[in-house]
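Student: Just passing along the structure, written as structure tokens.
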Amino acid sequence: MPRAAASLFGVVKAAESELRRIVDKLTENEHRLANEHVDIAGIKYAREALDQMDQVFGIFYEVPNTGAEEVKDDNSFPAEVMQLVGQRAIAKEAKDWKMADSLRDRIAELGFAVKDVKGGEPIISRI
């Protein structure tokens with residue numbers, strides 16, 4: 001497996017170097033690119049190699065939806081949930097862990113999860 005990872009890294013690094021060289025030429029002067037040799041065959045070979053490695057190792061995939069959907073806008077939460085989150089924050093400040101845990105459980109019963117963030121506002125998501 002380490003050799004496969006090293007090979008994958010080598011292919012990606014070579015393709016990145018070629019693409020970076022092309023982009024650098026484009027930013028310098030777009031008209032010069034027509035005179036510049038672009039290793040299309042090498043880039044195509046790198047793509048094919050990555051596709052084959054993906055078939056074996058499953059490197060490229062879409063992250064599955066876990067069902068927990070973060071909601072950024074406070075207006076999208078029910079007022080009861082927001083009130084419970086506020087009460088929980090007060091309980092945590094008072095170090096009333098039993099109350100904070102029971103409020104977290106009540107929030108979960110309403111279909112939401114609360115993730116504490118050190119030094120910041122808690123993140124509320126639907127479950």
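Starting from 1 in every chain, residues are counted up; chains themselves are A, B, ... following the order of the structure tokens, and ligands are numbered from 1 as listed.
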Quick one: everything within 12 Å of Lys44 (chain A), counting only C-alpha atoms, minus sequence neighbours fewer than 5 positions away in the same chain. Send it as a ChimeraX atom specification.
Tutor: /A:11,14-15,18-19,38-39,49-51
Student: Show me, as a list in words, the residues that have an atom within 7 Å of region 106-121 of chain A when counting only C-alpha atoms, minus same-chain residues fewer than 5 positions from it.
Tutor: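 These residues fall inside the cut-off: Val81, Leu84, Arg126 and Ile127 of chain A.
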Student: Tell me which protein, DNA and RNA residues are within 12 Å of Leu8 (chain A), counting only C-alpha atoms, leaving out same-chain ones fewer than 5 positions away, and put them as an MDAnalysis selection string.
Tutor: chainID A and resid 1:3 13:15 46:54 56:57 59
Student: Would you mind telling me which residue in A:Ala94, A:Glu16, A:Ser7, A:Ile124 lies nearest to Phe77 (chain A) when using only C-alpha atoms?
Tutor: A:Ile124
Student: Quick one: distance from CA of Asp101 (chain A) to CA of Gln83 (chain A) in Å, one decimal?
Tutor: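 We find that CA of Asp101 (chain A) and CA of Gln83 (chain A) lie 14.9 Å from each other.
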